[in-house]
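*Asks:* Pasting target18.cif here (mmCIF, C-alpha atoms):
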```cif
data_final
#
loop_
_atom_site.group_PDB
_atom_site.id
_atom_site.type_symbol
_atom_site.label_atom_id
_atom_site.label_comp_id
_atom_site.auth_asym_id
_atom_site.auth_seq_id
_atom_site.Cartn_x
_atom_site.Cartn_y
_atom_site.Cartn_z
ATOM 1 C CA GLU S 1 0.000 0.000 0.000
ATOM 2 C CA GLU S 2 2.870 2.385 0.779
ATOM 3 C CA ARG S 3 4.428 1.731 -2.627
ATOM 4 C CA LEU S 4 1.069 2.256 -4.322
ATOM 5 C CA ALA S 5 0.523 5.514 -2.398
ATOM 6 C CA ARG S 6 4.032 6.690 -3.362
ATOM 7 C CA LEU S 7 3.397 5.755 -6.990
ATOM 8 C CA GLU S 8 0.153 7.760 -6.962
ATOM 9 C CA GLN S 9 2.044 10.736 -5.524
ATOM 10 C CA VAL S 10 4.733 10.483 -8.223
ATOM 11 C CA VAL S 11 2.080 10.278 -10.950
ATOM 12 C CA GLN S 12 0.355 13.351 -9.475
ATOM 13 C CA GLU S 13 3.673 15.270 -9.400
ATOM 14 C CA LEU S 14 4.357 14.272 -13.015
ATOM 15 C CA ALA S 15 0.889 15.452 -14.066
ATOM 16 C CA GLU S 16 1.465 18.816 -12.373
ATOM 17 C CA ALA S 17 4.896 19.138 -14.000
ATOM 18 C CA GLN S 18 3.321 18.363 -17.382
ATOM 19 C CA LYS S 19 0.746 21.150 -16.867
ATOM 20 C CA ARG S 20 3.518 23.633 -16.014
ATOM 21 C CA THR S 21 5.474 22.560 -19.093
ATOM 22 C CA GLU S 22 2.427 22.952 -21.334
ATOM 23 C CA GLY S 23 1.768 26.413 -19.869
ATOM 24 C CA GLY S 24 5.370 27.426 -20.525
ATOM 25 C CA LEU S 25 5.161 26.131 -24.082
ATOM 26 C CA GLN S 26 1.979 28.139 -24.644
ATOM 27 C CA ILE S 27 3.774 31.303 -23.534
ATOM 28 C CA LEU S 28 6.736 30.529 -25.808
ATOM 29 C CA ARG S 29 4.406 29.845 -28.754
ATOM 30 C CA GLY S 30 2.740 33.213 -28.202
ATOM 31 C CA ARG S 31 6.069 35.036 -28.068
ATOM 32 C CA PHE S 32 7.312 33.206 -31.146
ATOM 33 C CA GLU S 33 4.165 34.097 -33.090
ATOM 34 C CA GLY S 34 4.546 37.726 -31.985
ATOM 35 C CA LEU S 35 8.140 37.818 -33.214
ATOM 36 C CA ARG S 36 7.100 36.231 -36.514
ATOM 37 C CA LEU S 37 4.406 38.872 -36.975
ATOM 38 C CA GLU S 38 6.865 41.645 -36.101
ATOM 39 C CA GLU S 39 9.348 40.325 -38.667
ATOM 40 C CA TYR S 40 6.535 39.972 -41.228
ATOM 41 C CA CYS S 41 5.633 43.664 -40.745
ATOM 42 C CA ARG S 42 9.263 44.803 -40.726
ATOM 43 C CA HIS S 43 9.658 43.586 -44.301
ATOM 44 C CA ARG S 44 6.329 44.995 -45.499
ATOM 45 C CA PRO S 45 6.354 48.744 -44.807
ATOM 46 C CA PHE S 46 3.391 49.178 -47.156
ATOM 47 C CA PHE S 47 1.190 47.952 -44.265
ATOM 48 C CA PHE S 48 1.694 51.428 -42.799
ATOM 49 C CA SER S 49 0.703 53.270 -45.983
ATOM 50 C CA ARG S 50 -2.850 53.661 -44.673
ATOM 51 C CA VAL S 51 -1.405 55.815 -41.896
ATOM 52 C CA VAL S 52 1.472 57.650 -43.639
ATOM 53 C CA ARG S 53 2.720 58.273 -47.151
ATOM 54 C CA ARG S 54 5.997 56.632 -48.205
ATOM 55 C CA PRO S 55 6.446 54.523 -45.051
ATOM 56 C CA ALA S 56 9.932 53.298 -44.193
ATOM 57 C CA VAL S 57 10.737 51.033 -41.263
ATOM 58 C CA LEU S 58 13.723 52.477 -39.410
ATOM 59 C CA SER S 59 16.790 50.305 -38.963
ATOM 60 C CA PRO S 60 18.158 49.627 -35.467
ATOM 61 C CA ASN S 61 21.043 52.040 -36.217
ATOM 62 C CA GLU S 62 18.635 54.818 -37.219
ATOM 63 C CA VAL S 63 16.636 54.311 -34.020
ATOM 64 C CA SER S 64 19.795 54.275 -31.918
ATOM 65 C CA ASN S 65 20.993 57.526 -33.509
ATOM 66 C CA MET S 66 17.602 59.176 -32.928
ATOM 67 C CA LEU S 67 17.648 58.182 -29.277
ATOM 68 C CA GLU S 68 21.259 59.261 -28.731
ATOM 69 C CA ASP S 69 20.491 62.621 -30.368
ATOM 70 C CA ALA S 70 17.512 63.090 -28.010
ATOM 71 C CA ILE S 71 19.656 62.252 -24.974
ATOM 72 C CA ASP S 72 22.414 64.608 -26.144
ATOM 73 C CA ALA S 73 19.859 67.390 -26.727
ATOM 74 C CA GLY S 74 18.424 66.835 -23.237
ATOM 75 C CA THR S 75 14.915 66.144 -24.554
ATOM 76 C CA LEU S 76 14.909 62.570 -23.218
ATOM 77 C CA THR S 77 16.511 60.962 -20.202
ATOM 78 C CA GLU S 78 18.444 57.751 -20.667
ATOM 79 C CA ASP S 79 15.597 55.805 -19.016
ATOM 80 C CA GLU S 80 13.028 57.361 -21.337
ATOM 81 C CA ALA S 81 15.198 56.619 -24.369
ATOM 82 C CA TYR S 82 15.648 53.030 -23.198
ATOM 83 C CA PHE S 83 11.872 52.548 -22.855
ATOM 84 C CA LEU S 84 11.250 54.202 -26.207
ATOM 85 C CA GLY S 85 13.909 52.052 -27.855
ATOM 86 C CA GLN S 86 12.014 48.917 -26.857
ATOM 87 C CA ALA S 87 9.205 49.669 -29.327
ATOM 88 C CA ASP S 88 8.710 46.834 -31.772
ATOM 89 C CA LEU S 89 9.085 49.069 -34.830
ATOM 90 C CA PHE S 90 9.565 52.690 -35.771
ATOM 91 C CA VAL S 91 8.253 53.884 -39.098
ATOM 92 C CA ARG S 92 9.027 57.203 -40.766
ATOM 93 C CA GLY S 93 6.659 58.596 -43.349
ATOM 94 C CA TYR S 94 4.784 61.730 -44.360
ATOM 95 C CA HIS S 95 1.482 63.043 -43.103
ATOM 96 C CA ARG S 96 -1.304 62.380 -45.604
ATOM 97 C CA ARG S 97 -2.763 65.924 -45.304
ATOM 98 C CA ASP S 98 0.229 68.248 -45.355
ATOM 99 C CA ASN S 99 3.176 65.989 -46.299
ATOM 100 C CA THR S 100 5.125 66.828 -43.122
ATOM 101 C CA PRO S 101 7.391 64.158 -41.589
ATOM 102 C CA LEU S 102 5.568 61.801 -39.245
ATOM 103 C CA TYR S 103 6.923 58.978 -37.081
ATOM 104 C CA LEU S 104 5.021 55.919 -35.942
ATOM 105 C CA ALA S 105 5.737 54.206 -32.623
ATOM 106 C CA VAL S 106 4.560 50.670 -33.406
ATOM 107 C CA GLU S 107 3.628 47.852 -31.050
ATOM 108 C CA VAL S 108 3.100 44.447 -32.656
ATOM 109 C CA SER S 109 1.113 41.703 -30.966
ATOM 110 C CA VAL S 110 -0.794 38.733 -32.334
ATOM 111 C CA ARG S 111 -3.748 39.659 -30.092
ATOM 112 C CA VAL S 112 -3.698 43.389 -29.344
ATOM 113 C CA ASP S 113 -4.752 44.232 -25.790
ATOM 114 C CA THR S 114 -4.894 47.375 -23.658
ATOM 115 C CA GLU S 115 -1.251 46.965 -22.558
ATOM 116 C CA ASP S 116 -0.106 47.123 -26.193
ATOM 117 C CA VAL S 117 -2.199 50.255 -26.702
ATOM 118 C CA GLY S 118 -0.786 51.824 -23.528
ATOM 119 C CA ARG S 119 2.817 51.171 -24.574
ATOM 120 C CA ALA S 120 2.199 52.641 -28.043
ATOM 121 C CA VAL S 121 0.694 55.789 -26.495
ATOM 122 C CA LEU S 122 3.558 56.196 -23.998
ATOM 123 C CA ARG S 123 6.119 55.760 -26.770
ATOM 124 C CA ARG S 124 4.307 58.275 -28.989
ATOM 125 C CA ASN S 125 4.423 60.729 -26.074
ATOM 126 C CA LEU S 126 8.174 60.213 -25.702
ATOM 127 C CA LEU S 127 8.761 60.671 -29.439
ATOM 128 C CA THR S 128 6.790 63.907 -29.216
ATOM 129 C CA LYS S 129 8.842 64.994 -26.199
ATOM 130 C CA ALA S 130 12.001 64.301 -28.241
ATOM 131 C CA GLY S 131 10.743 66.723 -30.892
ATOM 132 C CA TYR S 132 9.148 64.396 -33.449
ATOM 133 C CA THR S 133 5.592 64.503 -34.716
ATOM 134 C CA ALA S 134 4.346 61.012 -33.931
ATOM 135 C CA LEU S 135 1.375 58.676 -33.862
ATOM 136 C CA PRO S 136 0.831 55.523 -31.808
ATOM 137 C CA VAL S 137 0.175 52.411 -33.903
ATOM 138 C CA VAL S 138 -0.649 48.848 -32.945
ATOM 139 C CA VAL S 139 -0.515 45.935 -35.347
ATOM 140 C CA GLY S 140 -2.072 42.554 -34.756
ATOM 141 C CA GLU S 141 -4.076 39.720 -36.183
ATOM 142 C CA SER S 142 -6.933 40.610 -33.822
ATOM 143 C CA VAL S 143 -7.777 43.502 -31.501
ATOM 144 C CA HIS S 144 -9.526 43.108 -28.144
ATOM 145 C CA GLU S 145 -12.692 45.235 -28.009
ATOM 146 C CA LEU S 146 -11.563 47.131 -24.882
ATOM 147 C CA ALA S 147 -8.169 47.867 -26.467
ATOM 148 C CA GLU S 148 -9.929 49.385 -29.448
ATOM 149 C CA LYS S 149 -12.078 51.612 -27.223
ATOM 150 C CA VAL S 150 -9.085 52.770 -25.163
ATOM 151 C CA GLY S 151 -7.009 53.361 -28.289
ATOM 152 C CA GLN S 152 -9.622 55.434 -30.083
ATOM 153 C CA GLY S 153 -9.586 57.941 -27.230
ATOM 154 C CA GLU S 154 -5.800 58.250 -27.580
ATOM 155 C CA GLY S 155 -5.606 58.541 -31.364
ATOM 156 C CA VAL S 156 -4.151 55.065 -31.790
ATOM 157 C CA GLN S 157 -4.098 53.706 -35.318
ATOM 158 C CA PHE S 158 -4.973 50.009 -35.588
ATOM 159 C CA ILE S 159 -3.661 47.793 -38.372
ATOM 160 C CA VAL S 160 -5.086 44.289 -38.604
ATOM 161 C CA VAL S 161 -2.870 41.906 -40.570
ATOM 162 C CA LYS S 162 -4.059 38.669 -42.116
ATOM 163 C CA ARG S 163 -1.097 36.441 -42.901
ATOM 164 C CA GLU S 164 -1.477 33.756 -45.515
#
```
Now, as a test, write the supplied structure out as structure tokens.
*Replies:*
Amino acid sequence: EERLARLEQVVQELAEAQKRTEGGLQILRGRFEGLRLEEYCRHRPFFFSRVVRRPAVLSPNEVSNMLEDAIDAGTLTEDEAYFLGQADLFVRGYHRRDNTPLYLAVEVSVRVDTEDVGRAVLRRNLLTKAGYTALPVVVGESVHELAEKVGQGEGVQFIVVKRE
């Protein structure tokens, strides 16, 4: 009976470990899909042509130079620049009405939620503080209803991507 009880305990522990593993794999799958979507958008700047004219995704070096310039000019602190630099993408284009330069602070997520919207808004605010005219943009395969409501009040542009 002791051996049977111990065996039951081991089986229970294995079942719990399996659940933790499956949960971890689910998180990794979600992150992987998010990175795939980000990479998909990075190589298709035309996705942003509904928001700006002549969209161009900035390279990591261009972003780094922008942030260093803002730090040197005293318009951003190092912490602010670090947070801003964590945006998924930056896109430079031209405003559709008056053709002035416009920057997009882009958050990419398979399922856009209110946290994605909040980060895009905060990053737009920092770009504006650094002296750039900017818009917050979120890209995803789906958008949570609450995220859409919150984003509309903040001027967030939503781009829904259907990958084939």
*Asks:* From the set S:Arg124, S:Arg119, S:Lys149, S:Arg36, which residue has the shortest atom-to-atom contact distance to Leu104 in chain S, counting all atoms listed in the file?
*Replies:* S:Arg124
*Asks:* Measure the distance from CA of Arg96 in chain S to CA of Thr114 in chain S in Å and round it to one decimal.
*Replies:*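 The value is 26.8 Å.
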*Asks:* Quick one: of S:Gln26, S:Gly155, S:Gly93, S:Arg3, who's nearest to Asn125 in chain S, counting only C-alpha atoms?
*Replies:* S:Gly155
*Asks:* Just give me the gap between CA of Val91 in chain S and CA of Ala56 in chain S in Å, one decimal is fine.
*Replies:*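 Distance between the two atoms: 5.4 Å.
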*Asks:* So how far away is CA of Gly74 in chain S from CA of Arg42 in chain S, in Å?
*Replies:*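 So the answer is 29.6 Å.
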*Asks:* Do you know which residues are at most 12 Å from Thr75 in chain S counting only C-alpha atoms, after dropping those on the same chain fewer than 4 positions away, and could you put them as an NGL selection string?
*Replies:* :S and (66-71 or 79-81 or 125-132)
*Asks:* Asp98 in chain S: which residues within 12 Å, counting only C-alpha atoms, same-chain residues fewer than 4 positions away excluded, as a ChimeraX atom specification?
*Replies:* /S:52-53,93-94,102
*Asks:* Can you write just those residues out, C-alpha atoms, as a compact mmCIF listing (two decimals), in the coordinates of the input?
*Replies:*
```txt
# COMPACT_ATOMS: atom_id res chain seq x y z
CA VAL S 52 1.47 57.65 -43.64
CA ARG S 53 2.72 58.27 -47.15
CA GLY S 93 6.66 58.60 -43.35
CA TYR S 94 4.78 61.73 -44.36
CA LEU S 102 5.57 61.80 -39.24
```
*Asks:* So which residues are close to (14.2, 49.7, -29.2), meaning at most 12 Å away in the file's coordinates with all atoms listed in the file counted, and can you show them as a list in words?
*Replies:*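 Here is the list of nearby residues: Leu58, Ser59, Pro60, Asn61, Glu62, Val63, Ser64, Asn65, Met66, Leu67, Glu68, Asp79, Glu80, Ala81, Tyr82, Phe83, Leu84, Gly85, Gln86, Ala87, Asp88, Leu89, Phe90, Ala105, Val106, Glu107 and Arg123 of chain S.
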*Asks:* Given the file shown, determine the residues that the PyMOL selection byres ((chain S and resi 137) around 8) selects; report them as a PyMOL selection string.
*Replies:* chain S and resi 104-107+117+120+135-136+138-139+156-159
*Asks:* Which residue is closest to Asn99 in chain S? Choose from S:Pro55, S:Gly118, S:Gly34, S:Gly153 and count only C-alpha atoms.
*Replies:*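 Counting only C-alpha atoms, the residue closest to Asn99 in chain S is S:Pro55.
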*Asks:* Could you put an axis-aligned box around every listed atom of range 1-13 of chain S, padded by 4 Å on each side, and send me its centre and edge lengths in Å to one decimal, as lines of an AutoDock Vina configuration file?
*Replies:*
```
center_x = 2.4
center_y = 7.6
center_z = -5.1
size_x = 12.7
size_y = 23.3
size_z = 19.7
```
*Asks:* Show which residues sit within 9 Å of Val161 in chain S, as a PDB file with C-alpha atoms, keeping the file's coordinate frame. Count only C-alpha atoms, and ignore same-chain residues fewer than 6 positions away.
*Replies:*
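So part-v5.pdb came out as:
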```
ATOM      1  CA  LEU S  37       4.406  38.872 -36.975  1.00  0.00           C
ATOM      2  CA  CYS S  41       5.633  43.664 -40.745  1.00  0.00           C
ATOM      3  CA  PHE S  47       1.190  47.952 -44.265  1.00  0.00           C
ATOM      4  CA  VAL S 139      -0.515  45.935 -35.347  1.00  0.00           C
ATOM      5  CA  GLY S 140      -2.072  42.554 -34.756  1.00  0.00           C
ATOM      6  CA  GLU S 141      -4.076  39.720 -36.183  1.00  0.00           C
ATOM      7  CA  SER S 142      -6.933  40.610 -33.822  1.00  0.00           C
TER       8      SER S 142
END
```
*Asks:* Which of these, S:Leu122, S:Gly23, S:Val11, S:Ala134, has the shortest distance to Thr100 in chain S once you count only C-alpha atoms?
*Replies:*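 Counting only C-alpha atoms, the residue closest to Thr100 in chain S is S:Ala134.
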*Asks:* Please determine, counting only C-alpha atoms, which residue among S:Glu33, S:Glu78, S:Glu145, S:Lys162 has the shortest atom-to-atom distance to Val110 in chain S.
*Replies:*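 Checking each candidate against Val110 in chain S, we get S:Glu33 as the closest.
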